[in-house]
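Chemist: Pasting model.cif below, which is mmCIF, C-alpha atoms.
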data_upload
#
loop_
_atom_site.group_PDB
_atom_site.id
_atom_site.type_symbol
_atom_site.label_atom_id
_atom_site.label_comp_id
_atom_site.auth_asym_id
_atom_site.auth_seq_id
_atom_site.Cartn_x
_atom_site.Cartn_y
_atom_site.Cartn_z
ATOM 1 C CA MET A 1 -66.709 105.955 57.459
ATOM 2 C CA LYS A 2 -63.013 106.344 56.740
ATOM 3 C CA ALA A 3 -60.761 103.737 58.313
ATOM 4 C CA ASN A 4 -57.088 104.006 59.201
ATOM 5 C CA VAL A 5 -54.778 101.654 57.350
ATOM 6 C CA GLN A 6 -52.794 99.417 59.689
ATOM 7 C CA HIS A 7 -49.424 98.150 58.487
ATOM 8 C CA LEU A 8 -48.807 94.794 60.146
ATOM 9 C CA GLY A 9 -45.356 94.147 58.750
ATOM 10 C CA LEU A 10 -45.914 90.483 57.868
ATOM 11 C CA GLU A 11 -44.227 91.129 54.519
ATOM 12 C CA GLN A 12 -40.977 92.014 56.292
ATOM 13 C CA ARG A 13 -40.960 88.935 58.532
ATOM 14 C CA ASP A 14 -39.983 85.331 57.904
ATOM 15 C CA ARG A 15 -43.515 83.960 58.238
ATOM 16 C CA SER A 16 -46.788 84.283 56.368
ATOM 17 C CA PHE A 17 -49.087 84.349 59.408
ATOM 18 C CA GLU A 18 -49.222 85.341 63.067
ATOM 19 C CA CYS A 19 -51.489 84.044 65.814
ATOM 20 C CA TYR A 20 -51.441 85.819 69.154
ATOM 21 C CA TRP A 21 -53.413 86.805 72.273
ATOM 22 C CA VAL A 22 -54.761 90.292 72.894
ATOM 23 C CA ARG A 23 -55.675 91.109 76.495
ATOM 24 C CA SER A 24 -56.966 94.516 77.522
ATOM 25 C CA PRO A 25 -59.283 96.039 80.153
ATOM 26 C CA GLU A 26 -61.359 97.432 77.289
ATOM 27 C CA PHE A 27 -61.520 97.827 73.515
ATOM 28 C CA GLY A 28 -62.201 101.353 72.285
ATOM 29 C CA PHE A 29 -63.322 102.660 68.905
ATOM 30 C CA HIS A 30 -60.457 101.905 66.488
ATOM 31 C CA TRP A 31 -61.794 101.771 62.930
ATOM 32 C CA HIS A 32 -59.022 100.337 60.766
ATOM 33 C CA TYR A 33 -58.129 97.944 57.952
ATOM 34 C CA HIS A 34 -55.093 96.050 56.660
ATOM 35 C CA ARG A 35 -54.033 93.937 53.690
ATOM 36 C CA ALA A 36 -53.799 90.776 55.785
ATOM 37 C CA LEU A 37 -56.868 88.602 56.271
ATOM 38 C CA GLU A 38 -57.866 88.121 59.883
ATOM 39 C CA ILE A 39 -59.653 85.697 62.185
ATOM 40 C CA THR A 40 -60.781 87.143 65.519
ATOM 41 C CA TYR A 41 -61.975 84.808 68.280
ATOM 42 C CA VAL A 42 -63.373 86.412 71.447
ATOM 43 C CA VAL A 43 -62.432 84.221 74.394
ATOM 44 C CA GLN A 44 -63.825 86.677 76.924
ATOM 45 C CA GLY A 45 -65.719 89.922 76.405
ATOM 46 C CA ARG A 46 -68.796 91.530 74.933
ATOM 47 C CA GLY A 47 -69.811 94.696 73.164
ATOM 48 C CA ILE A 48 -70.409 95.999 69.642
ATOM 49 C CA ARG A 49 -68.678 94.572 66.579
ATOM 50 C CA MET A 50 -68.441 96.693 63.419
ATOM 51 C CA VAL A 51 -67.425 95.090 60.107
ATOM 52 C CA GLY A 52 -67.905 97.159 56.964
ATOM 53 C CA ASP A 53 -71.466 98.493 57.187
ATOM 54 C CA ASN A 54 -72.547 95.794 59.668
ATOM 55 C CA VAL A 55 -72.991 96.637 63.355
ATOM 56 C CA SER A 56 -73.693 93.672 65.653
ATOM 57 C CA TYR A 57 -73.585 92.651 69.299
ATOM 58 C CA PHE A 58 -70.790 90.230 70.201
ATOM 59 C CA SER A 59 -70.081 88.133 73.280
ATOM 60 C CA SER A 60 -67.645 85.441 74.399
ATOM 61 C CA GLY A 61 -67.238 82.751 71.732
ATOM 62 C CA ASP A 62 -67.716 85.136 68.801
ATOM 63 C CA LEU A 63 -65.586 84.176 65.779
ATOM 64 C CA VAL A 64 -65.255 86.221 62.580
ATOM 65 C CA LEU A 65 -63.171 85.911 59.421
ATOM 66 C CA LEU A 66 -62.316 89.213 57.723
ATOM 67 C CA GLY A 67 -61.210 89.821 54.153
ATOM 68 C CA SER A 68 -58.296 91.962 53.023
ATOM 69 C CA ASN A 69 -58.824 95.747 53.462
ATOM 70 C CA LEU A 70 -62.218 95.298 55.155
ATOM 71 C CA PRO A 71 -62.623 98.025 57.835
ATOM 72 C CA HIS A 72 -63.515 96.776 61.311
ATOM 73 C CA THR A 73 -63.456 97.454 65.035
ATOM 74 C CA TRP A 74 -64.533 95.725 68.248
ATOM 75 C CA ILE A 75 -65.824 98.007 71.043
ATOM 76 C CA SER A 76 -66.234 96.488 74.498
ATOM 77 C CA ASP A 77 -69.331 97.433 76.458
ATOM 78 C CA ASP A 78 -69.187 99.842 79.400
ATOM 79 C CA GLU A 79 -70.840 97.247 81.632
ATOM 80 C CA PHE A 80 -68.061 94.781 80.871
ATOM 81 C CA ASN A 81 -65.316 97.430 81.168
ATOM 82 C CA ALA A 82 -66.528 98.296 84.664
ATOM 83 C CA ASN A 83 -65.742 94.847 86.075
ATOM 84 C CA SER A 84 -62.337 93.405 86.857
ATOM 85 C CA GLU A 85 -62.196 91.052 83.881
ATOM 86 C CA HIS A 86 -60.181 91.851 80.759
ATOM 87 C CA MET A 87 -61.098 91.450 77.128
ATOM 88 C CA GLN A 88 -59.330 88.339 75.846
ATOM 89 C CA VAL A 89 -59.116 87.733 72.108
ATOM 90 C CA VAL A 90 -57.101 85.395 69.906
ATOM 91 C CA VAL A 91 -56.173 86.971 66.558
ATOM 92 C CA LEU A 92 -54.863 85.156 63.486
ATOM 93 C CA GLN A 93 -53.562 87.315 60.639
ATOM 94 C CA PHE A 94 -52.198 85.971 57.366
ATOM 95 C CA LEU A 95 -51.200 87.316 53.976
ATOM 96 C CA PRO A 96 -53.451 86.747 50.937
ATOM 97 C CA GLU A 97 -50.552 84.927 49.275
ATOM 98 C CA LEU A 98 -50.836 82.115 51.808
ATOM 99 C CA PHE A 99 -53.663 80.653 49.721
ATOM 100 C CA GLY A 100 -52.381 81.023 46.157
ATOM 101 C CA GLU A 101 -54.466 80.249 43.062
ATOM 102 C CA GLU A 102 -52.667 76.990 42.296
ATOM 103 C CA TRP A 103 -53.043 75.828 45.892
ATOM 104 C CA LEU A 104 -56.745 76.694 45.977
ATOM 105 C CA ALA A 105 -57.286 74.947 42.630
ATOM 106 C CA LEU A 106 -56.578 71.555 44.215
ATOM 107 C CA PRO A 107 -59.740 69.427 44.574
ATOM 108 C CA GLU A 108 -59.054 68.958 48.301
ATOM 109 C CA MET A 109 -59.326 72.724 48.741
ATOM 110 C CA ARG A 110 -62.816 73.022 47.254
ATOM 111 C CA ARG A 111 -64.594 73.958 50.485
ATOM 112 C CA ILE A 112 -61.858 76.332 51.648
ATOM 113 C CA ARG A 113 -61.861 77.942 48.193
ATOM 114 C CA SER A 114 -65.610 78.497 48.473
ATOM 115 C CA LEU A 115 -65.168 80.027 51.938
ATOM 116 C CA LEU A 116 -62.474 82.455 50.817
ATOM 117 C CA GLN A 117 -64.569 83.590 47.864
ATOM 118 C CA LYS A 118 -67.012 85.114 50.377
ATOM 119 C CA VAL A 119 -64.495 86.586 52.788
ATOM 120 C CA ARG A 120 -64.586 90.082 51.258
ATOM 121 C CA ARG A 121 -67.806 90.776 53.199
ATOM 122 C CA GLY A 122 -66.660 89.250 56.502
ATOM 123 C CA ILE A 123 -68.053 85.973 57.833
ATOM 124 C CA SER A 124 -69.484 85.057 61.241
ATOM 125 C CA PHE A 125 -69.609 81.398 62.291
ATOM 126 C CA SER A 126 -71.961 79.190 64.286
ATOM 127 C CA THR A 127 -71.430 78.535 67.984
ATOM 128 C CA LYS A 128 -70.325 74.927 67.395
ATOM 129 C CA THR A 129 -67.784 75.881 64.738
ATOM 130 C CA SER A 130 -66.504 78.811 66.802
ATOM 131 C CA GLU A 131 -65.826 76.547 69.752
ATOM 132 C CA GLN A 132 -63.957 73.984 67.650
ATOM 133 C CA ALA A 133 -61.932 76.559 65.731
ATOM 134 C CA GLY A 134 -61.331 78.580 68.889
ATOM 135 C CA ASN A 135 -59.655 75.640 70.595
ATOM 136 C CA LEU A 136 -57.385 75.172 67.577
ATOM 137 C CA LEU A 137 -56.531 78.887 67.528
ATOM 138 C CA ARG A 138 -55.495 78.772 71.191
ATOM 139 C CA GLN A 139 -53.073 75.968 70.332
ATOM 140 C CA LEU A 140 -51.848 77.821 67.253
ATOM 141 C CA THR A 141 -50.612 80.711 69.427
ATOM 142 C CA LYS A 142 -47.926 78.301 70.711
ATOM 143 C CA GLU A 143 -46.837 76.929 67.321
ATOM 144 C CA ASN A 144 -45.000 78.088 64.224
ATOM 145 C CA GLY A 145 -43.217 76.702 61.199
ATOM 146 C CA VAL A 146 -44.593 73.606 59.484
ATOM 147 C CA PHE A 147 -46.523 72.512 62.566
ATOM 148 C CA GLY A 148 -48.155 75.931 62.693
ATOM 149 C CA LEU A 149 -49.209 75.627 59.054
ATOM 150 C CA GLN A 150 -50.708 72.231 59.766
ATOM 151 C CA ARG A 151 -52.716 73.681 62.639
ATOM 152 C CA LEU A 152 -53.779 76.648 60.506
ATOM 153 C CA MET A 153 -55.088 74.301 57.822
ATOM 154 C CA SER A 154 -57.048 72.451 60.510
ATOM 155 C CA VAL A 155 -58.661 75.753 61.492
ATOM 156 C CA PHE A 156 -59.746 76.411 57.926
ATOM 157 C CA HIS A 157 -61.001 72.873 57.496
ATOM 158 C CA VAL A 158 -63.312 73.393 60.488
ATOM 159 C CA LEU A 159 -64.470 76.797 59.223
ATOM 160 C CA SER A 160 -65.150 75.488 55.722
ATOM 161 C CA GLU A 161 -67.457 72.768 57.088
ATOM 162 C CA ASP A 162 -69.796 75.273 58.732
ATOM 163 C CA GLU A 163 -73.153 75.445 56.927
ATOM 164 C CA GLU A 164 -74.553 78.184 59.181
ATOM 165 C CA THR A 165 -72.203 81.040 58.346
ATOM 166 C CA VAL A 166 -73.481 84.624 58.174
ATOM 167 C CA LEU A 167 -72.085 87.240 55.783
ATOM 168 C CA LEU A 168 -71.642 90.528 57.618
ATOM 169 C CA SER A 169 -71.208 93.617 55.426
ATOM 170 C CA SER A 170 -73.703 94.196 52.625
ATOM 171 C CA LYS A 171 -73.009 93.022 49.080
ATOM 172 C CA GLY A 172 -72.673 96.553 47.765
ATOM 173 C CA PHE A 173 -70.471 97.897 50.564
ATOM 174 C CA THR A 174 -67.393 99.695 49.243
ATOM 175 C CA PRO A 175 -64.883 100.847 51.869
ATOM 176 C CA VAL A 176 -63.841 104.498 51.861
ATOM 177 C CA LEU A 177 -60.073 104.077 51.776
ATOM 178 C CA ASN A 178 -58.884 107.535 50.759
ATOM 179 C CA GLU A 179 -57.654 110.459 52.845
ATOM 180 C CA VAL A 180 -60.324 112.977 51.798
ATOM 181 C CA THR A 181 -63.032 112.021 54.294
ATOM 182 C CA GLU A 182 -60.943 110.657 57.165
ATOM 183 C CA GLU A 183 -60.893 113.594 59.592
ATOM 184 C CA ARG A 184 -64.492 114.581 58.873
ATOM 185 C CA LEU A 185 -66.003 111.144 59.483
ATOM 186 C CA LEU A 186 -63.743 110.419 62.423
ATOM 187 C CA ARG A 187 -65.125 113.462 64.268
ATOM 188 C CA VAL A 188 -68.707 112.455 63.487
ATOM 189 C CA CYS A 189 -68.357 108.772 64.398
ATOM 190 C CA GLN A 190 -66.487 109.421 67.621
ATOM 191 C CA TYR A 191 -69.210 111.864 68.663
ATOM 192 C CA MET A 192 -71.927 109.306 67.900
ATOM 193 C CA HIS A 193 -70.144 106.596 69.878
ATOM 194 C CA GLU A 194 -69.760 108.911 72.862
ATOM 195 C CA HIS A 195 -73.341 110.250 72.792
ATOM 196 C CA PHE A 196 -75.617 107.582 71.258
ATOM 197 C CA THR A 197 -77.379 106.973 74.589
ATOM 198 C CA THR A 198 -78.568 110.586 74.553
ATOM 199 C CA VAL A 199 -80.342 112.712 71.940
ATOM 200 C CA VAL A 200 -78.094 113.061 68.886
ATOM 201 C CA ARG A 201 -79.111 115.969 66.689
ATOM 202 C CA LEU A 202 -78.589 115.780 62.946
ATOM 203 C CA ASP A 203 -77.559 119.432 62.733
ATOM 204 C CA THR A 204 -74.850 118.795 65.348
ATOM 205 C CA LEU A 205 -73.404 115.964 63.267
ATOM 206 C CA ALA A 206 -73.595 118.032 60.100
ATOM 207 C CA ALA A 207 -71.746 120.882 61.818
ATOM 208 C CA LEU A 208 -68.992 118.486 62.902
ATOM 209 C CA ALA A 209 -68.613 117.542 59.231
ATOM 210 C CA ASN A 210 -68.782 121.203 58.112
ATOM 211 C CA MET A 211 -71.829 120.481 55.918
ATOM 212 C CA ASN A 212 -75.489 121.348 55.740
ATOM 213 C CA THR A 213 -77.807 118.551 56.899
ATOM 214 C CA SER A 214 -78.957 117.330 53.476
ATOM 215 C CA ALA A 215 -75.411 117.157 52.117
ATOM 216 C CA PHE A 216 -74.235 115.432 55.279
ATOM 217 C CA CYS A 217 -76.938 112.741 55.081
ATOM 218 C CA ARG A 218 -75.922 111.888 51.501
ATOM 219 C CA PHE A 219 -72.255 111.929 52.461
ATOM 220 C CA PHE A 220 -72.750 109.689 55.506
ATOM 221 C CA SER A 221 -74.828 107.137 53.582
ATOM 222 C CA ARG A 222 -72.263 106.886 50.784
ATOM 223 C CA ALA A 223 -69.376 106.534 53.238
ATOM 224 C CA THR A 224 -70.901 104.034 55.668
ATOM 225 C CA GLY A 225 -73.639 102.261 53.698
ATOM 226 C CA GLN A 226 -76.148 103.277 56.385
ATOM 227 C CA THR A 227 -78.358 106.201 57.274
ATOM 228 C CA VAL A 228 -77.595 108.105 60.462
ATOM 229 C CA THR A 229 -80.765 106.678 62.040
ATOM 230 C CA ASP A 230 -79.833 103.086 61.181
ATOM 231 C CA TYR A 231 -76.315 103.592 62.489
ATOM 232 C CA LEU A 232 -77.558 104.998 65.809
ATOM 233 C CA ASN A 233 -80.155 102.236 66.136
ATOM 234 C CA ASP A 234 -77.473 99.585 65.685
ATOM 235 C CA LEU A 235 -75.370 101.146 68.442
ATOM 236 C CA ARG A 236 -78.362 101.438 70.765
ATOM 237 C CA ILE A 237 -79.587 97.900 70.152
ATOM 238 C CA GLY A 238 -76.086 96.584 70.849
ATOM 239 C CA LYS A 239 -76.088 98.456 74.146
ATOM 240 C CA ALA A 240 -79.577 97.130 74.943
ATOM 241 C CA CYS A 241 -78.462 93.528 74.333
ATOM 242 C CA ASN A 242 -75.715 93.937 76.902
ATOM 243 C CA LEU A 243 -78.122 95.418 79.445
ATOM 244 C CA LEU A 244 -80.731 92.717 78.898
ATOM 245 C CA ILE A 245 -78.100 90.069 79.593
ATOM 246 C CA ASP A 246 -76.118 91.726 82.371
ATOM 247 C CA ARG A 247 -78.922 93.479 84.247
ATOM 248 C CA PRO A 248 -81.716 90.902 84.674
ATOM 249 C CA LYS A 249 -83.483 93.093 87.262
ATOM 250 C CA MET A 250 -83.652 96.076 84.918
ATOM 251 C CA THR A 251 -87.103 96.610 83.459
ATOM 252 C CA ILE A 252 -87.536 96.793 79.688
ATOM 253 C CA SER A 253 -88.471 100.455 80.072
ATOM 254 C CA GLN A 254 -85.235 101.151 81.944
ATOM 255 C CA VAL A 255 -83.211 99.301 79.299
ATOM 256 C CA ALA A 256 -84.880 101.375 76.587
ATOM 257 C CA HIS A 257 -84.115 104.667 78.340
ATOM 258 C CA THR A 258 -80.525 103.717 79.208
ATOM 259 C CA SER A 259 -79.881 102.678 75.598
ATOM 260 C CA GLY A 260 -81.000 106.036 74.242
ATOM 261 C CA TYR A 261 -84.665 105.483 73.290
ATOM 262 C CA SER A 262 -87.284 108.062 74.172
ATOM 263 C CA SER A 263 -90.069 105.482 74.538
ATOM 264 C CA GLN A 264 -90.431 101.781 75.194
ATOM 265 C CA THR A 265 -92.771 101.430 72.204
ATOM 266 C CA LEU A 266 -90.122 102.766 69.820
ATOM 267 C CA PHE A 267 -87.478 100.599 71.463
ATOM 268 C CA ASN A 268 -89.584 97.433 71.138
ATOM 269 C CA ARG A 269 -90.260 98.147 67.478
ATOM 270 C CA CYS A 270 -86.608 98.831 66.623
ATOM 271 C CA PHE A 271 -85.365 95.846 68.652
ATOM 272 C CA ARG A 272 -87.762 93.406 67.004
ATOM 273 C CA ARG A 273 -86.872 94.684 63.536
ATOM 274 C CA LYS A 274 -83.159 94.226 64.249
ATOM 275 C CA LYS A 275 -83.134 90.996 66.304
ATOM 276 C CA GLY A 276 -86.341 89.267 65.149
ATOM 277 C CA VAL A 277 -87.640 88.941 68.725
ATOM 278 C CA THR A 278 -88.873 91.293 71.435
ATOM 279 C CA PRO A 279 -86.472 92.464 74.158
ATOM 280 C CA ARG A 280 -88.225 90.218 76.682
ATOM 281 C CA GLU A 281 -87.953 87.190 74.366
ATOM 282 C CA PHE A 282 -84.270 87.953 73.775
ATOM 283 C CA ARG A 283 -83.594 87.996 77.506
ATOM 284 C CA THR A 284 -85.465 84.702 77.974
ATOM 285 C CA GLN A 285 -83.620 83.031 75.092
ATOM 286 C CA PHE A 286 -80.250 84.064 76.447
ATOM 287 C CA LYS A 287 -81.059 82.705 79.897
ATOM 288 C CA GLY A 288 -82.027 79.409 78.330
ATOM 289 C CA SER A 289 -78.860 79.103 76.233
#
How does the structure come out when it is put into structure tokens?

Modeler:
Amino acid sequence: MKANVQHLGLEQRDRSFECYWVRSPEFGFHWHYHRALEITYVVQGRGIRMVGDNVSYFSSGDLVLLGSNLPHTWISDDEFNANSEHMQVVVLQFLPELFGEEWLALPEMRRIRSLLQKVRRGISFSTKTSEQAGNLLRQLTKENGVFGLQRLMSVFHVLSEDEETVLLSSKGFTPVLNEVTEERLLRVCQYMHEHFTTVVRLDTLAALANMNTSAFCRFFSRATGQTVTDYLNDLRIGKACNLLIDRPKMTISQVAHTSGYSSQTLFNRCFRRKKGVTPREFRTQFKGS
């Protein structure tokens, strides 16, 4: 899908990075990208995280490192938005120049260099690493200057030691960063996000894009790296994860229906393919964590 470029203005300021809190009752669909690299640490919240062509469920403690010009958005879940708590996120943004070639060539920077070589696809970190780095990021929001740089390097030291990282977007994902497809895909994606819990007809999406269905399917796959079916399944499974966690008295059949699936059998099959466990096993694992 086409993302909106976001100009952060770091180039016009007297610092190479910013670390700050974001607090909001909810996070809506805001597909965007920027030249700065970004670390996002979710202190409180849950919902669907989209990075490149990856769509995943996120919850409190989620930590992701994003490469330059990698489209992304965090969308808080309706169940979370309905309560009195706010989304709370710590964001660190820094210019690519912060880690120059000569700096990264130092032997002490070997692990950080290896980490940054993979950042183009977006990186998710283990729970242990997220907790350690998250604590440092909270402190970094109060610091700047040389002391801030020292803290920032501590964050990257912790991240570079993680041996359980997960690359998010696919290897072949190429962002659509031109103006040609922006309005067309924005209409389609907003419709899907508003209606994925109901029946979404392919001809309706194609009409929103002013295309016939076959042309639209090719167009959507090239732009997003996913088929329409895969995209919808990712949204529905993310919704189901929230329901399985937040609504322990909800039956699996009710979760399936509320998430947009016409049958529990189809839901179970799609959920297991995406998460590697059944919905019931997922719920049990989360309770035990």

Chemist: Since I can't run it myself right now, could you work out what the PyMOL selection byres ((chain A and resi 248) around 12) selects here and report it as number ranges by chain?

Modeler: A: 240-247, 249-252, 254-255, 279-280, 282-284, 286-287

Chemist: In Å, rounded to a single decimal, give me how far atom CA of A:Ile123 is from atom CA of A:Leu37.

Modeler: 11.6 Å

Chemist: Looking at only C-alpha atoms, which of A:Val89, A:Ala207, A:Leu149, A:Ile112 is the one that sits closest to A:Asp162?

Modeler: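 Between A:Val89, A:Ala207, A:Leu149, A:Ile112, the residue approaching A:Asp162 most closely is A:Ile112.
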
Chemist: Using atom CA of A:Arg236 and atom CA of A:Phe271 as the two end points, give the distance in Å to one decimal.

Modeler: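 Interatomic distance here is 9.2 Å.
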
Chemist: Out of A:Thr141, A:Ser124, A:Thr224, A:Gln264, which residue has the shortest atom-to-atom distance to A:Leu186 when counting all atoms listed in the file?

Modeler: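 Among the listed residues, the smallest separation from A:Leu186 belongs to A:Thr224.
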
Chemist: Evaluating the PyMOL selection byres ((chain A and resi 132) around 12) on the displayed file yields which residues, as a VMD selection string?

Modeler: chain A and resid 41 61 to 63 125 to 131 133 to 139 154 to 159 161 to 162

Chemist: Can I get the selected residues back with C-alpha atoms, as a compact mmCIF listing (two decimals), keeping the file's coordinate frame?

Modeler:
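Output file out_35.txt is given in full below:
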# COMPACT_ATOMS: atom_id res chain seq x y z
CA TYR A 41 -61.98 84.81 68.28
CA GLY A 61 -67.24 82.75 71.73
CA ASP A 62 -67.72 85.14 68.80
CA LEU A 63 -65.59 84.18 65.78
CA PHE A 125 -69.61 81.40 62.29
CA SER A 126 -71.96 79.19 64.29
CA THR A 127 -71.43 78.54 67.98
CA LYS A 128 -70.32 74.93 67.40
CA THR A 129 -67.78 75.88 64.74
CA SER A 130 -66.50 78.81 66.80
CA GLU A 131 -65.83 76.55 69.75
CA ALA A 133 -61.93 76.56 65.73
CA GLY A 134 -61.33 78.58 68.89
CA ASN A 135 -59.66 75.64 70.60
CA LEU A 136 -57.38 75.17 67.58
CA LEU A 137 -56.53 78.89 67.53
CA ARG A 138 -55.50 78.77 71.19
CA GLN A 139 -53.07 75.97 70.33
CA SER A 154 -57.05 72.45 60.51
CA VAL A 155 -58.66 75.75 61.49
CA PHE A 156 -59.75 76.41 57.93
CA HIS A 157 -61.00 72.87 57.50
CA VAL A 158 -63.31 73.39 60.49
CA LEU A 159 -64.47 76.80 59.22
CA GLU A 161 -67.46 72.77 57.09
CA ASP A 162 -69.80 75.27 58.73

Chemist: Care to translate the PyMOL selection byres ((chain A and resi 210) around 12) into actual residues of this file, as a PyMOL selection string?

Modeler: chain A and resi 181+183-185+187-188+203-209+211-216+219

Chemist: Find the residue from A:Thr278, A:Asn69, A:Ser221, A:Thr198 that sits nearest to A:Ser262; use all atoms listed in the file when measuring.

Modeler: A:Thr198

Chemist: With distances taken over all atoms listed in the file, which residue among A:Arg272, A:Lys118, A:Arg218, A:Lys239 lies nearest A:Val55?

Modeler: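 Closest to A:Val55 of all the choices is A:Lys239.
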
Chemist: Return as lines of an AutoDock Vina configuration file the box centre and box size in Å, one decimal, for an axis-aligned box around all listed atoms of stretch 211-216 of chain A padded by 8 Å per side.

Modeler:
center_x = -75.4
center_y = 118.4
center_z = 54.5
size_x = 23.1
size_y = 21.9
size_z = 20.8

Chemist: For the atom pair atom CA of A:Leu168 and atom CA of A:Gln226, what is the interatomic distance in Å to one decimal place?

Modeler: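 Atom CA of A:Leu168 sits 13.6 Å away from atom CA of A:Gln226.
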
Chemist: Name the closest residue to A:His30 among the candidates A:Val119, A:Leu152, A:Val51, A:Met87; distances are taken between atoms, counting all atoms listed in the file.

Modeler: A:Val51

Chemist: My list of candidates is A:Ser259, A:Thr165, A:Asn144, A:Ser68. Which is closest to A:Cys19 when distances are computed with only C-alpha atoms?

Modeler: A:Asn144

Chemist: Using all atoms listed in the file - which residues lie no farther than 12 Å from the point (-57.6, 75.0, 47.8) in the file's frame? Write them as a PDB file with C-alpha atoms, keeping the file's coordinate frame.

Modeler:
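Dumped everything to out-v7.pdb:
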ATOM      1  CA  LEU A  98     -50.836  82.115  51.808  1.00  0.00           C
ATOM      2  CA  PHE A  99     -53.663  80.653  49.721  1.00  0.00           C
ATOM      3  CA  GLY A 100     -52.381  81.023  46.157  1.00  0.00           C
ATOM      4  CA  GLU A 101     -54.466  80.249  43.062  1.00  0.00           C
ATOM      5  CA  GLU A 102     -52.667  76.990  42.296  1.00  0.00           C
ATOM      6  CA  TRP A 103     -53.043  75.828  45.892  1.00  0.00           C
ATOM      7  CA  LEU A 104     -56.745  76.694  45.977  1.00  0.00           C
ATOM      8  CA  ALA A 105     -57.286  74.947  42.630  1.00  0.00           C
ATOM      9  CA  LEU A 106     -56.578  71.555  44.215  1.00  0.00           C
ATOM     10  CA  PRO A 107     -59.740  69.427  44.574  1.00  0.00           C
ATOM     11  CA  GLU A 108     -59.054  68.958  48.301  1.00  0.00           C
ATOM     12  CA  MET A 109     -59.326  72.724  48.741  1.00  0.00           C
ATOM     13  CA  ARG A 110     -62.816  73.022  47.254  1.00  0.00           C
ATOM     14  CA  ARG A 111     -64.594  73.958  50.485  1.00  0.00           C
ATOM     15  CA  ILE A 112     -61.858  76.332  51.648  1.00  0.00           C
ATOM     16  CA  ARG A 113     -61.861  77.942  48.193  1.00  0.00           C
ATOM     17  CA  SER A 114     -65.610  78.497  48.473  1.00  0.00           C
ATOM     18  CA  LEU A 115     -65.168  80.027  51.938  1.00  0.00           C
ATOM     19  CA  LEU A 116     -62.474  82.455  50.817  1.00  0.00           C
ATOM     20  CA  GLN A 117     -64.569  83.590  47.864  1.00  0.00           C
ATOM     21  CA  MET A 153     -55.088  74.301  57.822  1.00  0.00           C
ATOM     22  CA  PHE A 156     -59.746  76.411  57.926  1.00  0.00           C
ATOM     23  CA  HIS A 157     -61.001  72.873  57.496  1.00  0.00           C
ATOM     24  CA  SER A 160     -65.150  75.488  55.722  1.00  0.00           C
TER      25      SER A 160
END
